[in-house]
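Engineer: One file is attached below, upload_15.cif, containing mmCIF, C-alpha atoms.
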data_input
loop_
_atom_site.label_atom_id
_atom_site.label_comp_id
_atom_site.auth_asym_id
_atom_site.auth_seq_id
_atom_site.Cartn_x
_atom_site.Cartn_y
_atom_site.Cartn_z
CA MET A 3 0.00 0.00 0.00
CA PRO A 4 1.37 3.41 -0.90
CA VAL A 5 2.10 5.91 1.86
CA ALA A 6 0.54 9.35 1.51
CA VAL A 7 2.99 12.19 1.82
CA ALA A 8 1.75 15.67 2.85
CA ALA A 9 2.51 18.17 0.20
CA ASN A 10 3.09 21.22 2.38
CA PRO A 11 3.63 20.67 6.10
CA GLU A 12 2.09 23.23 8.40
CA PRO A 13 4.69 25.77 9.69
CA GLU A 14 5.52 25.68 13.42
CA PRO A 15 3.87 28.44 15.45
CA ASP A 16 6.02 31.36 16.59
CA PHE A 17 6.78 31.36 20.36
CA ARG A 18 6.05 35.06 20.73
CA GLN A 19 2.69 34.62 19.06
CA LEU A 20 1.83 31.72 21.36
CA MET A 21 2.83 33.59 24.55
CA GLY A 22 1.53 37.01 23.49
CA ASP A 23 -1.44 37.06 25.88
CA VAL A 24 0.55 35.84 28.96
CA ARG A 25 0.98 38.45 31.71
CA PRO A 26 3.64 38.28 34.51
CA LEU A 27 2.39 37.55 38.02
CA ARG A 28 2.15 40.39 40.48
CA PRO A 29 4.75 40.37 43.27
CA ASP A 30 3.28 38.73 46.37
CA GLY A 31 6.10 39.38 48.81
CA ARG A 32 7.65 35.93 48.68
CA ILE A 33 11.43 35.69 48.77
CA CYS A 34 12.96 34.58 45.55
CA HIS A 35 15.49 31.80 45.54
CA THR A 36 19.01 33.13 45.13
CA PRO A 37 21.72 30.77 44.06
CA PRO A 38 24.44 30.02 46.65
CA PRO A 39 27.63 32.06 46.38
CA PRO A 40 30.37 30.45 44.33
CA LYS A 41 32.72 28.08 46.16
CA PRO A 42 36.11 29.52 47.10
CA ARG A 43 39.11 28.69 45.01
CA PRO A 44 40.92 25.55 46.20
CA LEU A 45 44.26 27.31 46.62
CA PRO A 46 44.54 30.59 48.52
CA GLN A 47 45.54 33.56 46.46
CA HIS A 48 49.04 34.88 47.02
CA ARG A 49 49.03 38.17 48.84
CA ALA A 50 51.86 40.61 49.29
CA SER A 51 51.73 39.97 53.09
CA GLN A 52 52.57 36.28 52.53
CA THR A 53 56.05 36.81 51.20
CA PRO A 54 58.55 34.16 52.29
CA LEU A 55 60.67 34.86 55.35
CA THR A 56 64.32 35.67 55.07
CA PRO A 57 66.73 33.15 56.64
CA GLN A 58 67.45 35.63 59.46
CA ALA A 59 63.72 36.04 60.19
CA GLU A 60 63.27 32.24 60.20
CA GLN A 61 66.13 31.83 62.69
CA ALA A 62 64.62 34.51 64.94
CA LEU A 63 61.25 32.78 64.78
CA PHE A 64 62.77 29.37 65.61
CA ALA A 65 64.76 30.89 68.47
CA ARG A 66 61.50 32.14 70.04
CA MET A 67 59.84 28.73 69.55
CA ILE A 68 62.56 26.69 71.28
CA GLY A 69 61.05 25.07 74.31
CA TRP A 70 57.44 25.01 73.10
CA PHE A 71 57.39 21.29 72.38
CA GLU A 72 60.36 20.09 74.36
CA PRO A 73 60.28 18.61 77.84
CA ALA A 74 60.95 21.04 80.68
CA GLN A 75 63.69 18.89 82.22
CA ILE A 76 66.19 16.34 81.04
CA ASP A 77 65.70 12.81 82.31
CA SER A 78 69.02 11.19 83.15
CA GLN A 79 67.45 7.75 82.91
CA HIS A 80 64.27 6.05 81.76
CA ARG A 81 62.77 2.57 82.00
CA SER A 82 59.75 1.57 79.93
CA PRO A 83 56.76 0.06 81.73
CA GLY A 84 57.16 -3.70 82.09
CA THR A 85 60.97 -3.58 82.01
CA PRO A 86 62.55 -5.22 85.11
CA SER A 87 63.62 -2.80 87.84
CA ASN A 88 67.29 -3.90 87.83
CA THR A 89 67.67 -3.12 84.09
CA LEU A 90 69.06 0.40 84.63
CA LYS A 91 71.61 -0.89 87.16
CA LYS A 92 72.76 -3.58 84.70
CA LEU A 93 72.85 -1.06 81.81
CA ARG A 94 75.07 1.36 83.80
CA ALA A 95 77.33 -1.55 84.84
CA GLY A 96 77.98 -2.56 81.22
CA HIS A 97 76.06 -5.84 81.32
CA TRP A 98 75.31 -5.53 77.59
CA PRO A 99 78.18 -4.68 75.23
CA VAL A 100 77.74 -1.57 73.09
CA CYS A 101 77.08 -2.82 69.56
CA ALA A 102 76.78 0.54 67.76
CA GLU A 103 77.37 4.23 68.35
CA LEU A 104 75.83 7.37 66.83
CA ASP A 105 77.33 10.86 67.14
CA LEU A 106 74.83 13.69 66.58
CA HIS A 107 77.25 16.60 67.14
CA GLY A 108 76.63 19.48 64.75
CA LEU A 109 73.19 18.34 63.56
CA ASP A 110 69.98 20.33 63.92
CA ARG A 111 66.92 18.73 65.54
CA PHE A 112 65.42 17.58 62.24
CA ALA A 113 68.57 15.92 60.91
CA ALA A 114 69.26 14.42 64.35
CA HIS A 115 65.79 12.90 64.53
CA GLU A 116 66.16 11.38 61.09
CA GLN A 117 69.62 9.95 61.88
CA LEU A 118 68.47 8.56 65.23
CA THR A 119 65.42 6.86 63.74
CA VAL A 120 67.42 5.09 61.04
CA PHE A 121 70.20 4.23 63.51
CA LEU A 122 67.83 2.61 66.02
CA HIS A 123 66.14 0.59 63.29
CA ARG A 124 69.44 -0.78 62.00
CA ALA A 125 71.09 -1.25 65.41
CA ARG A 126 68.37 -3.60 66.67
CA HIS A 127 69.78 -6.26 64.34
CA LEU A 128 73.34 -5.80 65.66
CA GLY A 129 72.73 -6.14 69.40
CA GLN A 130 70.81 -4.69 72.31
CA CYS A 131 72.89 -1.83 73.68
CA VAL A 132 73.77 1.36 71.75
CA ARG A 133 75.48 4.63 72.64
CA VAL A 134 73.97 7.88 71.37
CA ILE A 135 76.21 10.93 71.70
CA HIS A 136 74.20 14.15 71.59
CA GLY A 137 76.66 16.50 73.27
CA LYS A 138 76.00 18.85 76.14
CA GLY A 139 74.96 21.75 73.95
CA LEU A 140 77.67 24.08 75.20
CA SER A 141 78.25 25.55 71.73
CA SER A 142 74.51 26.01 71.00
CA PRO A 143 73.21 29.54 70.69
CA GLY A 144 70.74 29.83 73.55
CA GLU A 145 69.47 26.77 75.37
CA PRO A 146 70.79 23.30 74.38
CA VAL A 147 68.27 21.45 72.23
CA LEU A 148 69.58 17.97 71.41
CA PRO A 149 70.02 16.62 74.96
CA LYS A 150 66.32 17.17 75.72
CA MET A 151 65.10 16.11 72.31
CA VAL A 152 67.14 12.89 72.07
CA ARG A 153 66.01 11.75 75.50
CA ALA A 154 62.38 12.59 74.75
CA TRP A 155 62.59 10.65 71.47
CA LEU A 156 64.16 7.65 73.22
CA THR A 157 61.50 7.76 75.93
CA HIS A 158 58.73 7.46 73.34
CA HIS A 159 60.44 5.10 70.88
CA PRO A 160 58.74 1.68 70.88
CA ASP A 161 62.02 -0.26 70.57
CA VAL A 162 63.82 1.43 73.50
CA LEU A 163 63.40 -0.46 76.77
CA ALA A 164 65.60 1.82 78.87
CA PHE A 165 68.33 4.45 78.71
CA CYS A 166 70.74 6.11 81.12
CA GLU A 167 73.55 8.64 80.99
CA THR A 168 76.99 7.26 80.30
CA CYS A 169 79.86 7.37 82.77
CA ILE A 170 82.15 10.40 82.70
CA GLU A 171 84.77 8.55 80.61
CA GLN A 172 82.20 7.88 77.87
CA GLY A 173 80.70 11.38 77.75
CA GLY A 174 78.73 11.80 80.97
CA SER A 175 75.60 13.88 80.42
CA GLY A 176 76.51 14.35 76.75
CA ALA A 177 75.66 10.75 75.82
CA VAL A 178 73.27 7.98 76.72
CA LEU A 179 73.32 4.20 76.64
CA ALA A 180 70.07 2.77 75.31
CA LEU A 181 68.82 -0.79 75.67
CA LEU A 182 66.84 -1.93 72.63
CA ARG A 183 64.13 -4.52 72.30
CA ARG A 184 65.30 -7.69 70.53
CA PRO A 185 64.01 -8.07 66.97
CA HIS A 186 61.24 -10.58 66.45
CA GLY A 187 62.21 -13.91 64.86
#
Please render this file's structure as structure tokens.
Structural biologist:
Amino acid sequence: MPVAVAANPEPEPDFRQLMGDVRPLRPDGRICHTPPPPKPRPLPQHRASQTPLTPQAEQALFARMIGWFEPAQIDSQHRSPGTPSNTLKKLRAGHWPVCAELDLHGLDRFAAHEQLTVFLHRARHLGQCVRVIHGKGLSSPGEPVLPKMVRAWLTHHPDVLAFCETCIEQGGSGAVLALLRRPHG
């Protein structure tokens, strides 16, 4: 059967003609919806007040911050909970031979922390007792930093069972002997 094709299709009506008799609604006092403000940019804009500090200004800032996060006093010895009470006596008496030594002289707190962390990890596989020389801080500008920091780090390190100051011949208050937990398996 043949399909009938329309000869001239009807033109589409004009929108303005269709909506010509529409009148806007009168305002009724309702609040119109306003879109939320645009989200802030993900990165803050650089302002002139955020210029980088000079090295001298950084040093002055660090000098004022010394002591904020460090312990108020230096512990001469420490024993972790669960460690036998005679451990410190045996450590001072040289019961365990020193298997490794680390000298932190001349390092800042960040470099010293990094060196100490790696040293303790490696030394556990060599033996149980290590000597860490941090110095007395006599050449430090201001208050000595490393003696407090090293002892605080050792106190909180999970592999350190105990530590004590060395005898005068081995550095006295400028070094500590630390007893390390044996490695597993």
Engineer: Using only C-alpha atoms, which of A:Leu104, A:Leu182, A:Leu109, A:Leu163 sits nearest A:Leu128?
Structural biologist: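 Counting only C-alpha atoms, the residue closest to A:Leu128 is A:Leu182.
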Engineer: Report as a list of chain:residue names the residues that result from applying the PyMOL selection byres ((chain A and resi 86-90) around 12) to the structure here.
Structural biologist: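 Here the PyMOL selection byres ((chain A and resi 86-90) around 12) matches A:Ser78, A:Gln79, A:His80, A:Arg81, A:Ser82, A:Pro83, A:Gly84, A:Thr85, A:Lys91, A:Lys92, A:Leu93, A:Arg94, A:Ala95, A:Gly96, A:His97, A:Trp98, A:Cys131, A:Leu163, A:Ala164, A:Phe165, A:Cys166, A:Glu167, A:Thr168, A:Val178, A:Leu179, A:Ala180, A:Leu181, A:Leu182.
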Engineer: Please produce a file of those selected residues containing C-alpha atoms, as a compact mmCIF listing (two decimals), in the coordinates of the input.
Structural biologist:
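Result file selection_15.txt:
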# COMPACT_ATOMS: atom_id res chain seq x y z
CA SER A 78 69.02 11.19 83.15
CA GLN A 79 67.45 7.75 82.91
CA HIS A 80 64.27 6.05 81.76
CA ARG A 81 62.77 2.57 82.00
CA SER A 82 59.75 1.57 79.93
CA PRO A 83 56.76 0.06 81.73
CA GLY A 84 57.16 -3.70 82.09
CA THR A 85 60.97 -3.58 82.01
CA LYS A 91 71.61 -0.89 87.16
CA LYS A 92 72.76 -3.58 84.70
CA LEU A 93 72.85 -1.06 81.81
CA ARG A 94 75.07 1.36 83.80
CA ALA A 95 77.33 -1.55 84.84
CA GLY A 96 77.98 -2.56 81.22
CA HIS A 97 76.06 -5.84 81.32
CA TRP A 98 75.31 -5.53 77.59
CA CYS A 131 72.89 -1.83 73.68
CA LEU A 163 63.40 -0.46 76.77
CA ALA A 164 65.60 1.82 78.87
CA PHE A 165 68.33 4.45 78.71
CA CYS A 166 70.74 6.11 81.12
CA GLU A 167 73.55 8.64 80.99
CA THR A 168 76.99 7.26 80.30
CA VAL A 178 73.27 7.98 76.72
CA LEU A 179 73.32 4.20 76.64
CA ALA A 180 70.07 2.77 75.31
CA LEU A 181 68.82 -0.79 75.67
CA LEU A 182 66.84 -1.93 72.63
Engineer: Could you work out how far atom CA of A:Ala62 lies from atom CA of A:Phe112, giving the answer in Å with one decimal?
Structural biologist: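 Atom-to-atom, atom CA of A:Phe112 to atom CA of A:Ala62, that is 17.2 Å.
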Engineer: Could you spell out the hits of the PyMOL selection byres ((chain A and resi 102) around 10) on the shown file, as a list in words?
Structural biologist: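 That selection, the PyMOL selection byres ((chain A and resi 102) around 10), comes back as Pro99, Val100, Cys101, Glu103, Leu104, Phe121, Leu122, Arg124, Ala125, Arg126, Leu128, Gly129, Gln130, Cys131, Val132, Arg133 and Val134 of chain A.
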Engineer: If you keep C-alpha atoms, can you produce a file of those selected residues as a JSON list (two decimals), keeping the file's coordinate frame?
Structural biologist:
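Result saved to again.json:
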[["chain", "number", "residue", "atom", "x", "y", "z"],
["A", 99, "PRO", "CA", 78.18, -4.68, 75.23],
["A", 100, "VAL", "CA", 77.74, -1.57, 73.09],
["A", 101, "CYS", "CA", 77.08, -2.82, 69.56],
["A", 103, "GLU", "CA", 77.37, 4.23, 68.35],
["A", 104, "LEU", "CA", 75.83, 7.37, 66.83],
["A", 121, "PHE", "CA", 70.20, 4.23, 63.51],
["A", 122, "LEU", "CA", 67.83, 2.61, 66.02],
["A", 124, "ARG", "CA", 69.44, -0.78, 62.00],
["A", 125, "ALA", "CA", 71.09, -1.25, 65.41],
["A", 126, "ARG", "CA", 68.37, -3.60, 66.67],
["A", 128, "LEU", "CA", 73.34, -5.80, 65.66],
["A", 129, "GLY", "CA", 72.73, -6.14, 69.40],
["A", 130, "GLN", "CA", 70.81, -4.69, 72.31],
["A", 131, "CYS", "CA", 72.89, -1.83, 73.68],
["A", 132, "VAL", "CA", 73.77, 1.36, 71.75],
["A", 133, "ARG", "CA", 75.48, 4.63, 72.64],
["A", 134, "VAL", "CA", 73.97, 7.88, 71.37]]
Engineer: Under the rule that only C-alpha atoms are counted, which of A:Asp77, A:Glu60, A:Asp23, A:Glu14 is the nearest residue to A:Ala154?
Structural biologist: A:Asp77
Engineer: Could you tell me, as a list in words, exactly which residues end up selected when the PyMOL selection byres ((chain A and resi 138) around 9) is applied to this structure?
Structural biologist: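 Taken on the displayed file, the PyMOL selection byres ((chain A and resi 138) around 9) yields the residues His136, Gly137, Gly139, Leu140, Ser141, Ser142, Pro146, Leu148, Pro149, Gly173, Gly174, Ser175, Gly176 and Ala177 of chain A.
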Engineer: Could you state the separation of atom CA of A:Arg18 and atom CA of A:Cys34 in Å, given to one decimal place?
Structural biologist: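 Taking atom CA of A:Arg18 and atom CA of A:Cys34, their separation equals 25.8 Å.
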Engineer: Of the candidates A:Arg28, A:Arg183, A:His35, A:His115, which shows the shortest atom-to-atom distance to A:Arg153, using only C-alpha atoms?
Structural biologist: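 Looking at the shortest contact to A:Arg153, the residue is A:His115.
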Engineer: I'd like the interatomic distance between atom CA of A:Pro185 and atom CA of A:Asp105, to a tenth of an Å.
Structural biologist: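 Interatomic distance, atom CA of A:Pro185 to atom CA of A:Asp105: 23.1 Å.
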Engineer: Name the closest residue to A:Met151 among the candidates A:Leu20, A:Pro11, A:Leu45, A:Ala114; distances are taken between atoms, counting all atoms listed in the file.
Structural biologist: A:Ala114
